[in-house]
file entry-v2.cif (mmCIF, C-alpha atoms)
data_upload
loop_
_atom_site.label_atom_id
_atom_site.label_comp_id
_atom_site.auth_asym_id
_atom_site.auth_seq_id
_atom_site.Cartn_x
_atom_site.Cartn_y
_atom_site.Cartn_z
CA MET A 1 128.58 10.01 277.39
CA ARG A 2 126.26 8.38 274.91
CA ARG A 3 124.31 11.62 274.62
CA ASN A 4 127.51 13.53 273.77
CA GLN A 5 128.46 10.87 271.20
CA TRP A 6 125.02 11.18 269.60
CA ILE A 7 125.33 14.97 269.40
CA CYS A 8 128.79 14.72 267.84
CA ALA A 9 127.54 12.19 265.31
CA ALA A 10 124.60 14.40 264.39
CA LEU A 11 126.80 17.47 263.98
CA THR A 12 129.26 15.51 261.86
CA ALA A 13 126.45 14.33 259.58
CA MET A 14 125.19 17.87 259.21
CA ILE A 15 128.67 19.20 258.38
CA ILE A 16 129.17 16.46 255.78
CA ALA A 17 125.79 17.28 254.27
CA GLY A 18 126.74 20.95 254.20
CA LEU A 19 130.05 20.16 252.47
CA ALA A 20 128.23 18.04 249.92
CA CYS A 21 125.89 20.92 249.29
CA SER A 22 128.80 23.35 248.89
CA GLU A 23 130.60 21.02 246.46
CA GLU A 24 127.44 20.62 244.41
CA ALA A 25 126.98 24.38 244.37
CA TRP A 26 130.59 24.92 243.24
CA ALA A 27 130.26 22.23 240.58
CA LYS A 28 127.11 23.80 239.12
CA PRO A 29 127.13 27.56 239.84
CA GLY A 30 123.75 29.13 240.36
CA ARG A 31 121.90 25.82 240.35
CA ALA A 32 122.17 24.63 243.95
CA SER A 33 118.41 24.69 244.49
CA TRP A 34 117.79 22.15 241.70
CA TYR A 35 119.51 19.37 243.60
CA ASP A 36 117.99 17.57 246.54
CA PRO A 37 121.23 17.05 248.59
CA CYS A 38 121.75 20.80 249.01
CA GLU A 39 118.12 21.49 249.68
CA GLU A 40 117.74 18.69 252.20
CA ALA A 41 120.92 19.71 254.04
CA SER A 42 119.62 23.26 254.29
CA ARG A 43 116.34 22.03 255.70
CA ALA A 44 118.08 19.71 258.15
CA ILE A 45 120.01 22.62 259.59
CA GLY A 46 116.70 24.47 259.93
CA LYS A 47 117.56 27.44 257.73
CA VAL A 48 114.61 27.10 255.36
CA LYS A 49 111.09 25.99 256.21
CA VAL A 50 109.17 27.13 253.16
CA ARG A 51 109.88 26.05 249.59
CA LEU A 52 109.30 28.87 247.10
CA GLY A 53 107.21 28.64 243.96
CA ASN A 54 110.26 29.04 241.72
CA GLU A 55 111.88 26.04 243.43
CA VAL A 56 108.72 23.95 243.16
CA PHE A 57 108.41 24.88 239.48
CA LEU A 58 111.96 23.83 238.63
CA ALA A 59 111.63 20.59 240.60
CA LYS A 60 108.16 19.50 239.48
CA HIS A 61 106.66 21.52 236.64
CA LEU A 62 109.20 22.00 233.86
CA ASP A 63 106.68 20.38 231.52
CA TRP A 64 104.72 23.65 231.71
CA VAL A 65 107.40 25.43 229.67
CA ARG A 66 109.26 22.66 227.85
CA GLY A 67 109.63 23.62 224.20
CA LYS A 68 108.11 27.06 224.81
CA ARG A 69 109.54 30.59 224.82
CA VAL A 70 109.36 32.22 228.24
CA GLY A 71 109.18 35.87 229.27
CA LEU A 72 109.77 36.72 232.93
CA ILE A 73 108.32 39.61 234.96
CA THR A 74 110.66 39.98 237.91
CA ASN A 75 112.94 42.20 239.99
CA PRO A 76 115.70 41.67 242.60
CA THR A 77 113.22 39.90 244.94
CA GLY A 78 112.91 37.08 242.40
CA VAL A 79 115.42 34.71 243.98
CA ASN A 80 115.36 31.20 245.40
CA SER A 81 116.09 30.32 249.02
CA GLU A 82 119.85 30.36 248.26
CA LEU A 83 119.56 33.94 246.91
CA VAL A 84 120.14 32.85 243.31
CA SER A 85 118.22 35.04 240.86
CA THR A 86 115.29 33.47 239.04
CA VAL A 87 116.66 35.14 235.91
CA ASP A 88 119.88 33.16 236.30
CA LEU A 89 118.07 29.96 237.24
CA LEU A 90 115.95 30.07 234.09
CA MET A 91 118.75 31.32 231.82
CA GLU A 92 121.08 28.50 232.83
CA HIS A 93 118.53 25.71 232.89
CA PRO A 94 118.83 23.46 229.81
CA GLU A 95 115.07 22.89 229.64
CA VAL A 96 113.95 26.53 229.89
CA ASN A 97 114.10 28.93 226.95
CA LEU A 98 114.06 32.38 228.57
CA VAL A 99 113.80 35.00 225.82
CA ALA A 100 112.77 38.30 227.47
CA LEU A 101 112.55 40.16 230.78
CA PHE A 102 109.85 42.56 231.96
CA GLY A 103 110.46 45.24 234.61
CA PRO A 104 107.89 46.57 237.12
CA GLU A 105 108.28 49.74 239.18
CA HIS A 106 111.99 50.07 240.17
CA GLY A 107 113.02 47.85 237.22
CA VAL A 108 114.23 44.27 236.79
CA ARG A 109 117.52 45.06 238.51
CA GLY A 110 116.04 47.53 241.04
CA ASN A 111 118.00 50.46 239.64
CA TYR A 112 115.09 52.94 239.37
CA SER A 113 113.70 55.04 242.20
CA GLY A 114 110.02 54.89 243.16
CA GLY A 115 107.62 56.52 240.71
CA ARG A 116 110.33 56.97 238.06
CA SER A 117 109.61 55.64 234.58
CA VAL A 118 111.51 52.49 233.67
CA GLU A 119 112.96 52.38 230.16
CA ASN A 120 113.13 49.55 227.62
CA ALA A 121 116.70 48.31 227.30
CA ILE A 122 118.96 45.32 226.77
CA ASP A 123 119.79 43.58 230.02
CA GLU A 124 123.56 43.81 230.45
CA ARG A 125 123.92 40.52 232.34
CA THR A 126 121.90 38.27 230.04
CA GLY A 127 121.73 40.17 226.76
CA LEU A 128 117.95 39.70 226.74
CA PRO A 129 115.49 42.42 225.75
CA LEU A 130 114.20 44.19 228.85
CA TYR A 131 110.70 45.60 228.48
CA SER A 132 109.34 48.25 230.82
CA LEU A 133 105.94 47.80 232.50
CA TYR A 134 106.29 51.05 234.42
CA GLY A 135 106.71 53.85 231.91
CA ARG A 136 104.98 54.50 228.60
CA THR A 137 102.90 51.39 229.20
CA HIS A 138 102.00 49.40 232.29
CA LYS A 139 100.81 46.44 230.26
CA PRO A 140 102.72 44.14 227.88
CA THR A 141 101.99 45.05 224.26
CA ALA A 142 101.45 42.71 221.33
CA GLU A 143 104.94 43.56 220.10
CA MET A 144 106.50 42.66 223.48
CA LEU A 145 104.70 39.32 223.50
CA GLU A 146 105.19 38.45 219.83
CA ASN A 147 108.01 35.95 220.45
CA ILE A 148 106.75 34.64 223.82
CA ASP A 149 104.56 31.63 224.59
CA VAL A 150 104.54 31.79 228.41
CA LEU A 151 104.71 34.93 230.57
CA ALA A 152 105.95 34.14 234.09
CA PHE A 153 105.76 36.29 237.22
CA ASP A 154 108.16 36.07 240.19
CA ILE A 155 108.11 39.12 242.49
CA GLN A 156 107.78 39.42 246.27
CA ASP A 157 104.67 41.35 247.29
CA ILE A 158 104.10 43.00 250.70
CA GLY A 159 100.39 42.30 251.19
CA SER A 160 98.92 45.75 250.53
CA ARG A 161 96.56 46.88 247.77
CA SER A 162 98.51 50.10 247.18
CA TYR A 163 101.78 48.32 246.36
CA THR A 164 102.14 48.24 242.58
CA TYR A 165 103.58 44.78 241.89
CA ILE A 166 100.29 42.87 242.09
CA TRP A 167 98.81 45.26 239.53
CA THR A 168 101.75 44.66 237.21
CA MET A 169 100.79 40.99 237.52
CA ALA A 170 97.11 41.69 236.81
CA ARG A 171 97.90 43.71 233.69
CA GLY A 172 100.31 41.01 232.54
CA MET A 173 97.51 38.47 232.93
CA GLU A 174 95.17 40.69 230.90
CA ALA A 175 97.75 40.94 228.12
CA ALA A 176 98.26 37.17 228.16
CA ALA A 177 94.51 36.63 227.79
CA GLU A 178 94.24 39.18 224.97
CA HIS A 179 97.13 37.73 222.97
CA GLY A 180 96.66 34.01 223.61
CA LYS A 181 99.67 33.51 225.89
CA GLU A 182 99.97 31.34 228.97
CA PHE A 183 100.62 32.96 232.35
CA LEU A 184 102.66 31.35 235.12
CA VAL A 185 102.89 32.63 238.71
CA LEU A 186 105.78 31.43 240.90
CA ASP A 187 104.19 31.88 244.30
CA ARG A 188 105.74 33.65 247.29
CA PRO A 189 104.70 34.11 250.93
CA ASN A 190 102.66 37.10 252.00
CA PRO A 191 105.02 38.69 254.58
CA LEU A 192 102.02 39.66 256.74
CA GLY A 193 100.81 36.07 256.81
CA GLY A 194 97.54 34.90 255.34
CA GLU A 195 95.07 35.74 258.10
CA LEU A 196 95.08 39.55 258.39
CA VAL A 197 92.40 41.12 256.18
CA GLU A 198 91.58 44.77 256.74
CA GLY A 199 90.18 47.83 255.03
CA ASN A 200 87.65 48.66 252.38
CA VAL A 201 87.13 46.96 249.06
CA LEU A 202 88.27 49.43 246.40
CA ASP A 203 85.56 51.56 244.83
CA PRO A 204 86.12 51.15 241.04
CA GLU A 205 85.69 54.92 240.66
CA PHE A 206 89.12 55.24 242.32
CA ARG A 207 90.85 52.64 240.18
CA SER A 208 94.51 53.49 239.59
CA GLY A 209 98.01 52.09 239.45
CA ILE A 210 97.89 51.67 243.25
CA GLY A 211 94.48 50.01 243.22
CA TYR A 212 93.42 48.33 239.98
CA LEU A 213 90.81 45.76 241.06
CA PRO A 214 88.34 45.80 243.99
CA ILE A 215 90.11 43.99 246.83
CA PRO A 216 90.62 45.00 250.48
CA TYR A 217 93.54 47.23 251.41
CA VAL A 218 95.17 44.38 253.38
CA HIS A 219 94.15 41.29 251.42
CA GLY A 220 95.84 38.42 253.29
CA MET A 221 96.62 36.48 250.08
CA THR A 222 99.71 35.30 248.25
CA VAL A 223 100.35 36.46 244.69
CA GLY A 224 99.31 33.02 243.44
CA GLU A 225 96.01 33.25 245.28
CA LEU A 226 95.45 36.78 244.00
CA ALA A 227 96.15 35.59 240.45
CA GLN A 228 93.41 32.97 240.74
CA LEU A 229 91.01 35.58 242.17
CA PHE A 230 91.82 38.04 239.38
CA ASN A 231 91.54 35.40 236.69
CA ASP A 232 88.25 33.83 237.77
CA HIS A 233 86.25 36.27 239.89
CA PHE A 234 87.30 39.38 237.97
CA GLY A 235 87.10 37.62 234.63
CA ILE A 236 90.59 38.08 233.19
CA GLY A 237 90.39 34.55 231.81
CA CYS A 238 94.00 33.85 230.85
CA LYS A 239 95.56 30.39 230.70
CA LEU A 240 96.87 30.46 234.26
CA LYS A 241 99.09 28.10 236.20
CA VAL A 242 100.43 28.68 239.73
CA ALA A 243 103.55 26.96 241.07
CA PRO A 244 102.60 26.80 244.76
CA LEU A 245 104.59 27.18 247.93
CA GLU A 246 105.36 24.14 250.01
CA ASN A 247 105.21 24.12 253.83
CA TRP A 248 103.72 27.61 254.06
CA LYS A 249 100.91 28.16 256.55
CA ARG A 250 98.59 31.12 256.78
CA SER A 251 99.71 31.82 260.33
CA MET A 252 103.30 32.45 259.17
CA THR A 253 104.75 35.94 259.01
CA PHE A 254 107.91 36.26 256.95
CA PRO A 255 110.44 35.45 259.72
CA ASP A 256 108.58 32.17 260.27
CA THR A 257 109.38 31.04 256.73
CA GLY A 258 113.14 30.81 257.29
CA LEU A 259 113.65 32.59 253.97
CA PRO A 260 116.02 35.52 253.35
CA TRP A 261 114.45 38.92 252.70
CA ILE A 262 115.36 41.10 249.73
CA HIS A 263 114.11 44.67 250.07
CA THR A 264 111.11 44.94 247.76
CA SER A 265 111.71 48.66 247.20
CA PRO A 266 114.14 51.16 248.75
CA HIS A 267 111.84 51.93 251.69
CA ILE A 268 110.88 48.32 252.53
CA PRO A 269 114.32 47.18 253.75
CA GLU A 270 113.09 44.53 256.21
CA PRO A 271 110.05 42.24 256.23
CA ASP A 272 108.47 43.91 259.27
CA THR A 273 108.39 47.20 257.35
CA SER A 274 105.60 45.61 255.31
CA LEU A 275 103.36 45.75 258.36
CA PHE A 276 104.27 49.35 259.24
CA TYR A 277 103.58 50.34 255.63
CA ASN A 278 99.91 49.64 256.32
CA VAL A 279 99.98 51.88 259.41
CA THR A 280 101.43 55.03 257.86
CA GLY A 281 101.43 54.48 254.10
CA ILE A 282 97.98 55.92 253.43
CA PHE A 283 98.41 59.28 255.17
CA GLY A 284 102.04 59.21 254.04
CA GLU A 285 100.65 60.08 250.61
CA LEU A 286 100.18 63.58 252.02
CA ASN A 287 103.11 65.98 251.89
CA GLY A 288 102.47 67.67 255.22
CA ILE A 289 103.80 64.87 257.45
CA ASN A 290 106.93 62.72 257.59
CA ILE A 291 106.53 58.96 258.13
CA GLY A 292 110.20 58.07 258.47
CA VAL A 293 110.84 58.00 254.72
CA GLY A 294 114.06 59.94 254.34
CA TYR A 295 115.30 58.72 257.73
CA THR A 296 116.58 55.38 259.03
CA THR A 297 113.19 53.84 259.85
CA PRO A 298 110.77 54.26 256.95
CA PHE A 299 107.06 53.90 257.80
CA LYS A 300 107.84 53.47 261.52
CA LEU A 301 107.83 57.14 262.52
CA VAL A 302 105.34 59.99 262.38
CA GLY A 303 106.92 63.42 262.71
CA ALA A 304 106.87 67.10 261.79
CA PRO A 305 108.42 70.32 263.15
CA TRP A 306 105.06 71.35 264.66
CA ILE A 307 104.42 68.17 266.69
CA ASP A 308 105.04 67.92 270.44
CA ALA A 309 106.51 64.44 270.75
CA GLN A 310 105.47 63.75 274.33
CA GLU A 311 101.99 65.16 273.85
CA LEU A 312 101.31 62.96 270.80
CA THR A 313 102.83 59.92 272.51
CA ASP A 314 100.65 60.32 275.59
CA HIS A 315 97.55 60.93 273.51
CA LEU A 316 98.02 57.78 271.42
CA ASN A 317 99.06 55.50 274.30
CA ALA A 318 95.96 56.59 276.22
CA LYS A 319 93.87 54.93 273.50
CA ARG A 320 95.33 51.52 274.47
CA LEU A 321 95.12 50.24 270.92
CA PRO A 322 95.72 46.48 270.75
CA GLY A 323 99.17 45.29 269.69
CA VAL A 324 100.86 48.70 269.50
CA ARG A 325 102.63 51.27 271.68
CA PHE A 326 104.20 54.64 270.94
CA SER A 327 107.34 56.40 272.19
CA PRO A 328 108.54 59.99 271.60
CA CYS A 329 111.17 60.56 268.93
CA TYR A 330 113.23 63.47 267.63
CA TYR A 331 114.98 63.36 264.26
CA GLN A 332 116.07 65.24 261.15
CA PRO A 333 115.11 63.61 257.82
CA TYR A 334 118.06 63.29 255.46
CA TYR A 335 115.77 63.76 252.45
CA TYR A 336 112.09 63.92 251.45
CA HIS A 337 109.54 65.77 253.64
CA PHE A 338 111.12 68.26 256.08
CA GLU A 339 114.62 67.46 254.85
CA GLY A 340 117.18 68.76 257.35
CA GLU A 341 114.53 70.13 259.72
CA GLN A 342 114.20 69.11 263.35
CA CYS A 343 111.10 66.95 263.67
CA GLN A 344 109.29 65.61 266.69
CA GLY A 345 106.80 62.80 266.76
CA VAL A 346 106.27 59.18 267.69
CA ARG A 347 108.01 55.92 267.02
CA ILE A 348 105.50 53.13 266.43
CA HIS A 349 106.18 49.83 268.22
CA ILE A 350 104.11 46.82 267.18
CA THR A 351 104.05 44.59 270.24
CA ASP A 352 101.68 41.86 269.05
CA THR A 353 101.34 41.11 265.34
CA GLY A 354 98.38 38.85 266.06
CA LYS A 355 96.31 41.62 267.63
CA VAL A 356 97.33 44.80 265.84
CA ARG A 357 95.12 46.24 263.10
CA PRO A 358 97.64 48.36 261.22
CA CYS A 359 95.28 50.44 259.07
CA ALA A 360 93.09 51.18 262.08
CA VAL A 361 96.17 52.36 263.97
CA GLY A 362 96.92 54.70 261.07
CA PHE A 363 93.51 56.32 261.27
CA HIS A 364 93.90 56.80 265.01
CA VAL A 365 97.20 58.58 264.33
CA MET A 366 95.54 60.74 261.67
CA THR A 367 92.68 61.82 263.91
CA ALA A 368 95.13 62.49 266.77
CA LEU A 369 97.10 64.84 264.52
CA ARG A 370 93.89 66.55 263.42
CA ASP A 371 92.60 66.98 266.97
CA LEU A 372 95.89 68.10 268.53
CA TYR A 373 97.20 70.23 265.65
CA PRO A 374 94.16 71.36 263.61
CA GLU A 375 95.96 74.30 261.97
CA GLU A 376 98.87 72.20 260.72
CA PHE A 377 97.24 68.88 259.81
CA ASN A 378 94.23 69.22 257.55
CA PHE A 379 93.38 68.91 253.87
CA GLU A 380 93.44 72.67 253.34
CA VAL A 381 97.18 72.95 254.00
CA PRO A 382 98.67 73.47 250.50
CA ALA A 383 101.13 70.59 250.89
CA ASN A 384 98.25 68.21 251.61
CA GLN A 385 95.78 69.77 249.19
CA ARG A 386 98.06 68.93 246.27
CA ARG A 387 97.92 65.25 247.24
CA ILE A 388 94.21 64.76 247.82
CA GLY A 389 93.86 62.69 244.65
CA MET A 390 96.62 60.27 245.65
CA PHE A 391 95.26 60.02 249.19
CA ASP A 392 91.81 59.06 247.88
CA LYS A 393 93.33 56.54 245.46
CA ALA A 394 95.33 54.94 248.28
CA CYS A 395 92.17 54.72 250.38
CA GLY A 396 90.19 53.42 247.43
CA THR A 397 87.43 55.89 248.28
CA ASP A 398 86.93 59.55 249.11
CA GLN A 399 84.79 58.69 252.15
CA VAL A 400 87.77 58.60 254.51
CA ARG A 401 88.74 62.15 253.60
CA LYS A 402 85.14 63.37 253.91
CA ASP A 403 84.76 61.70 257.32
CA PHE A 404 88.07 63.17 258.46
CA VAL A 405 87.05 66.70 257.41
CA ALA A 406 83.67 66.24 259.12
CA GLY A 407 85.48 65.58 262.41
CA LEU A 408 84.38 61.96 262.81
CA SER A 409 86.23 59.77 265.30
CA ALA A 410 88.73 57.17 264.19
CA GLU A 411 86.26 54.45 265.15
CA ALA A 412 83.56 55.96 262.90
CA ILE A 413 85.99 56.41 260.00
CA ILE A 414 87.15 52.79 260.32
CA ALA A 415 83.53 51.54 260.44
CA HIS A 416 82.69 53.40 257.21
CA TRP A 417 85.92 52.29 255.55
CA GLU A 418 85.29 48.60 256.28
CA SER A 419 81.55 48.61 255.56
CA ASN A 420 81.98 46.58 252.35
CA LEU A 421 84.62 44.14 253.63
CA LYS A 422 82.40 41.40 255.06
CA PRO A 423 80.72 40.38 251.75
CA PHE A 424 84.13 40.02 250.13
CA LEU A 425 85.46 37.43 252.60
CA PRO A 426 83.59 34.38 251.22
CA ILE A 427 84.69 35.36 247.70
CA ARG A 428 88.29 35.52 248.86
CA ALA A 429 87.98 32.15 250.61
CA LYS A 430 87.30 30.35 247.30
CA TYR A 431 90.75 31.17 245.98
CA LEU A 432 92.94 30.34 248.98
CA LEU A 433 95.55 27.69 248.18
CA TYR A 434 96.85 27.11 251.70
#
call {"tool": "encode", "arguments": {"input": "entry-v2.cif", "output": "structure tokens"}}
result
Amino acid sequence: MRRNQWICAALTAMIIAGLACSEEAWAKPGRASWYDPCEEASRAIGKVKVRLGNEVFLAKHLDWVRGKRVGLITNPTGVNSELVSTVDLLMEHPEVNLVALFGPEHGVRGNYSGGRSVENAIDERTGLPLYSLYGRTHKPTAEMLENIDVLAFDIQDIGSRSYTYIWTMARGMEAAAEHGKEFLVLDRPNPLGGELVEGNVLDPEFRSGIGYLPIPYVHGMTVGELAQLFNDHFGIGCKLKVAPLENWKRSMTFPDTGLPWIHTSPHIPEPDTSLFYNVTGIFGELNGINIGVGYTTPFKLVGAPWIDAQELTDHLNAKRLPGVRFSPCYYQPYYYHFEGEQCQGVRIHITDTGKVRPCAVGFHVMTALRDLYPEEFNFEVPANQRRIGMFDKACGTDQVRKDFVAGLSAEAIIAHWESNLKPFLPIRAKYLLY
């Protein structure tokens, strides 16, 4: 009986706390995260484990921007744990003077498709100037920064070198250094966690918008940690501050954080897609294969009309790669490669995120396609030939392609690809915040 009474009392306290939170939220729309009662009630119920950099900034570091004009690089992923936009949080805060917005790929409001130029505009919701960092310029200009003292960054990354948001941050930091502005990063979790590091360190000869500075393909760092690496090791040298996460551990994948996920781009709808992106994203740069983009499971499928689903499944499962299994699949893409055509292939199932090496799995899939279907999957096929440049840029080297053409095994390709990774690890370690 006493146990039941204790449970009832605990539930009552939690409900009261929740009501208090709701009343506070209704009293001050869009500002629930600023007030401890709401935040503590949310934590008590166990909804949120990790406190985001934007929340830490507003609670502890307003002195960084007090009396200064702030520009914000963000997109729809820039929200707090209650899904309130960072744009709204800063606009409505009496001690923050937000004067401009800057849009990366897909735009501040996420209303541009991938690869499409984003235009300068006036933001309809706030009336603020909205400057594009993915169009005529990828770097803030002197004119854009003329009326700004602090340039802030709040965007969710997915942990891969070929995803463009971290390079928008790097170029923003360069502009801040060049024009004497401060740069503020509101940190966010790496959805892959902070322990997985894989791939080659980018060869500067292949520097591009999907690989701007020499880091591994899977870097295992938060955006705040990357900012410190870029600023110090790569010599950007801006006046940098990082509002850190609280309660985040390197062993955490995104579901462990208790935070809600906002799709970072149209084809990363769920946090686990970030991991699959590193399996298929590199060879997905080629036009001769479908990787689920255009269907319901982007980056989780590998298919084409010329594949035998069971044959490819059996071939890949026979490799017994750690942390992954494959099953046959049959589908018709709604758009993109092989739109409306019947495809066969494999569905990728990651069974152990602690053991899987996603990029290595991708190279095993590539070599399987080459060995089983040499006439259809090679770099001489016109659809693939047109994309050789993008494939090499995604890899950060042309060695992968050369090894593939030479008929090397997946193991040999992976060994070459990771040959420069080990020396980078102690450099990376110096900039880890958690």
call {"tool": "resolve_selection", "arguments": {"input": "entry-v2.cif", "expression": "the PyMOL selection byres ((chain A and resi 245-257) around 12)", "output": "ChimeraX atom specification"}}
result
/A:43,46-57,59-60,80-81,156-159,185-197,220-225,242-244,258-262,270-275,353-354,432-434
call {"tool": "write_last_selection", "arguments": {"input": "entry-v2.cif", "atoms": "C-alpha atoms", "output": "PDB file, keeping the file's coordinate frame"}}
result
ATOM      1  CA  ARG A  43     116.340  22.030 255.700  1.00  0.00           C
ATOM      2  CA  GLY A  46     116.700  24.470 259.930  1.00  0.00           C
ATOM      3  CA  LYS A  47     117.560  27.440 257.730  1.00  0.00           C
ATOM      4  CA  VAL A  48     114.610  27.100 255.360  1.00  0.00           C
ATOM      5  CA  LYS A  49     111.090  25.990 256.210  1.00  0.00           C
ATOM      6  CA  VAL A  50     109.170  27.130 253.160  1.00  0.00           C
ATOM      7  CA  ARG A  51     109.880  26.050 249.590  1.00  0.00           C
ATOM      8  CA  LEU A  52     109.300  28.870 247.100  1.00  0.00           C
ATOM      9  CA  GLY A  53     107.210  28.640 243.960  1.00  0.00           C
ATOM     10  CA  ASN A  54     110.260  29.040 241.720  1.00  0.00           C
ATOM     11  CA  GLU A  55     111.880  26.040 243.430  1.00  0.00           C
ATOM     12  CA  VAL A  56     108.720  23.950 243.160  1.00  0.00           C
ATOM     13  CA  PHE A  57     108.410  24.880 239.480  1.00  0.00           C
ATOM     14  CA  ALA A  59     111.630  20.590 240.600  1.00  0.00           C
ATOM     15  CA  LYS A  60     108.160  19.500 239.480  1.00  0.00           C
ATOM     16  CA  ASN A  80     115.360  31.200 245.400  1.00  0.00           C
ATOM     17  CA  SER A  81     116.090  30.320 249.020  1.00  0.00           C
ATOM     18  CA  GLN A 156     107.780  39.420 246.270  1.00  0.00           C
ATOM     19  CA  ASP A 157     104.670  41.350 247.290  1.00  0.00           C
ATOM     20  CA  ILE A 158     104.100  43.000 250.700  1.00  0.00           C
ATOM     21  CA  GLY A 159     100.390  42.300 251.190  1.00  0.00           C
ATOM     22  CA  VAL A 185     102.890  32.630 238.710  1.00  0.00           C
ATOM     23  CA  LEU A 186     105.780  31.430 240.900  1.00  0.00           C
ATOM     24  CA  ASP A 187     104.190  31.880 244.300  1.00  0.00           C
ATOM     25  CA  ARG A 188     105.740  33.650 247.290  1.00  0.00           C
ATOM     26  CA  PRO A 189     104.700  34.110 250.930  1.00  0.00           C
ATOM     27  CA  ASN A 190     102.660  37.100 252.000  1.00  0.00           C
ATOM     28  CA  PRO A 191     105.020  38.690 254.580  1.00  0.00           C
ATOM     29  CA  LEU A 192     102.020  39.660 256.740  1.00  0.00           C
ATOM     30  CA  GLY A 193     100.810  36.070 256.810  1.00  0.00           C
ATOM     31  CA  GLY A 194      97.540  34.900 255.340  1.00  0.00           C
ATOM     32  CA  GLU A 195      95.070  35.740 258.100  1.00  0.00           C
ATOM     33  CA  LEU A 196      95.080  39.550 258.390  1.00  0.00           C
ATOM     34  CA  VAL A 197      92.400  41.120 256.180  1.00  0.00           C
ATOM     35  CA  GLY A 220      95.840  38.420 253.290  1.00  0.00           C
ATOM     36  CA  MET A 221      96.620  36.480 250.080  1.00  0.00           C
ATOM     37  CA  THR A 222      99.710  35.300 248.250  1.00  0.00           C
ATOM     38  CA  VAL A 223     100.350  36.460 244.690  1.00  0.00           C
ATOM     39  CA  GLY A 224      99.310  33.020 243.440  1.00  0.00           C
ATOM     40  CA  GLU A 225      96.010  33.250 245.280  1.00  0.00           C
ATOM     41  CA  VAL A 242     100.430  28.680 239.730  1.00  0.00           C
ATOM     42  CA  ALA A 243     103.550  26.960 241.070  1.00  0.00           C
ATOM     43  CA  PRO A 244     102.600  26.800 244.760  1.00  0.00           C
ATOM     44  CA  GLY A 258     113.140  30.810 257.290  1.00  0.00           C
ATOM     45  CA  LEU A 259     113.650  32.590 253.970  1.00  0.00           C
ATOM     46  CA  PRO A 260     116.020  35.520 253.350  1.00  0.00           C
ATOM     47  CA  TRP A 261     114.450  38.920 252.700  1.00  0.00           C
ATOM     48  CA  ILE A 262     115.360  41.100 249.730  1.00  0.00           C
ATOM     49  CA  GLU A 270     113.090  44.530 256.210  1.00  0.00           C
ATOM     50  CA  PRO A 271     110.050  42.240 256.230  1.00  0.00           C
ATOM     51  CA  ASP A 272     108.470  43.910 259.270  1.00  0.00           C
ATOM     52  CA  THR A 273     108.390  47.200 257.350  1.00  0.00           C
ATOM     53  CA  SER A 274     105.600  45.610 255.310  1.00  0.00           C
ATOM     54  CA  LEU A 275     103.360  45.750 258.360  1.00  0.00           C
ATOM     55  CA  THR A 353     101.340  41.110 265.340  1.00  0.00           C
ATOM     56  CA  GLY A 354      98.380  38.850 266.060  1.00  0.00           C
ATOM     57  CA  LEU A 432      92.940  30.340 248.980  1.00  0.00           C
ATOM     58  CA  LEU A 433      95.550  27.690 248.180  1.00  0.00           C
ATOM     59  CA  TYR A 434      96.850  27.110 251.700  1.00  0.00           C
TER      60      TYR A 434
END
call {"tool": "resolve_selection", "arguments": {"input": "entry-v2.cif", "expression": "the PyMOL selection byres ((chain A and resi 303) around 10)", "output": "mmCIF file with C-alpha atoms, in the frame of the given file"}}
result
data_model
loop_
_atom_site.group_PDB
_atom_site.id
_atom_site.type_symbol
_atom_site.label_atom_id
_atom_site.label_comp_id
_atom_site.auth_asym_id
_atom_site.auth_seq_id
_atom_site.Cartn_x
_atom_site.Cartn_y
_atom_site.Cartn_z
ATOM 1 C CA GLY A 288 102.470 67.670 255.220
ATOM 2 C CA ILE A 289 103.800 64.870 257.450
ATOM 3 C CA ASN A 290 106.930 62.720 257.590
ATOM 4 C CA ILE A 291 106.530 58.960 258.130
ATOM 5 C CA GLY A 292 110.200 58.070 258.470
ATOM 6 C CA LEU A 301 107.830 57.140 262.520
ATOM 7 C CA VAL A 302 105.340 59.990 262.380
ATOM 8 C CA ALA A 304 106.870 67.100 261.790
ATOM 9 C CA PRO A 305 108.420 70.320 263.150
ATOM 10 C CA TRP A 306 105.060 71.350 264.660
ATOM 11 C CA ILE A 307 104.420 68.170 266.690
ATOM 12 C CA ASP A 308 105.040 67.920 270.440
ATOM 13 C CA ALA A 309 106.510 64.440 270.750
ATOM 14 C CA LEU A 312 101.310 62.960 270.800
ATOM 15 C CA PRO A 328 108.540 59.990 271.600
ATOM 16 C CA CYS A 329 111.170 60.560 268.930
ATOM 17 C CA TYR A 330 113.230 63.470 267.630
ATOM 18 C CA TYR A 331 114.980 63.360 264.260
ATOM 19 C CA GLN A 332 116.070 65.240 261.150
ATOM 20 C CA PRO A 333 115.110 63.610 257.820
ATOM 21 C CA HIS A 337 109.540 65.770 253.640
ATOM 22 C CA PHE A 338 111.120 68.260 256.080
ATOM 23 C CA GLN A 342 114.200 69.110 263.350
ATOM 24 C CA CYS A 343 111.100 66.950 263.670
ATOM 25 C CA GLN A 344 109.290 65.610 266.690
ATOM 26 C CA GLY A 345 106.800 62.800 266.760
ATOM 27 C CA VAL A 346 106.270 59.180 267.690
ATOM 28 C CA ARG A 347 108.010 55.920 267.020
#
call {"tool": "closest_residue", "arguments": {"input": "entry-v2.cif", "among": "A:Asn147, A:Asn120, A:Asn200, A:Asn97", "to": "Leu421 of chain A", "atoms": "all atoms listed in the file"}}
result
A:Asn200
call {"tool": "resolve_selection", "arguments": {"input": "entry-v2.cif", "expression": "the PyMOL selection byres ((chain A and resi 282) around 10)", "output": "MDAnalysis selection string"}}
result
chainID A and resid 162 217 277:281 283:286 359 362:363 366 390:395
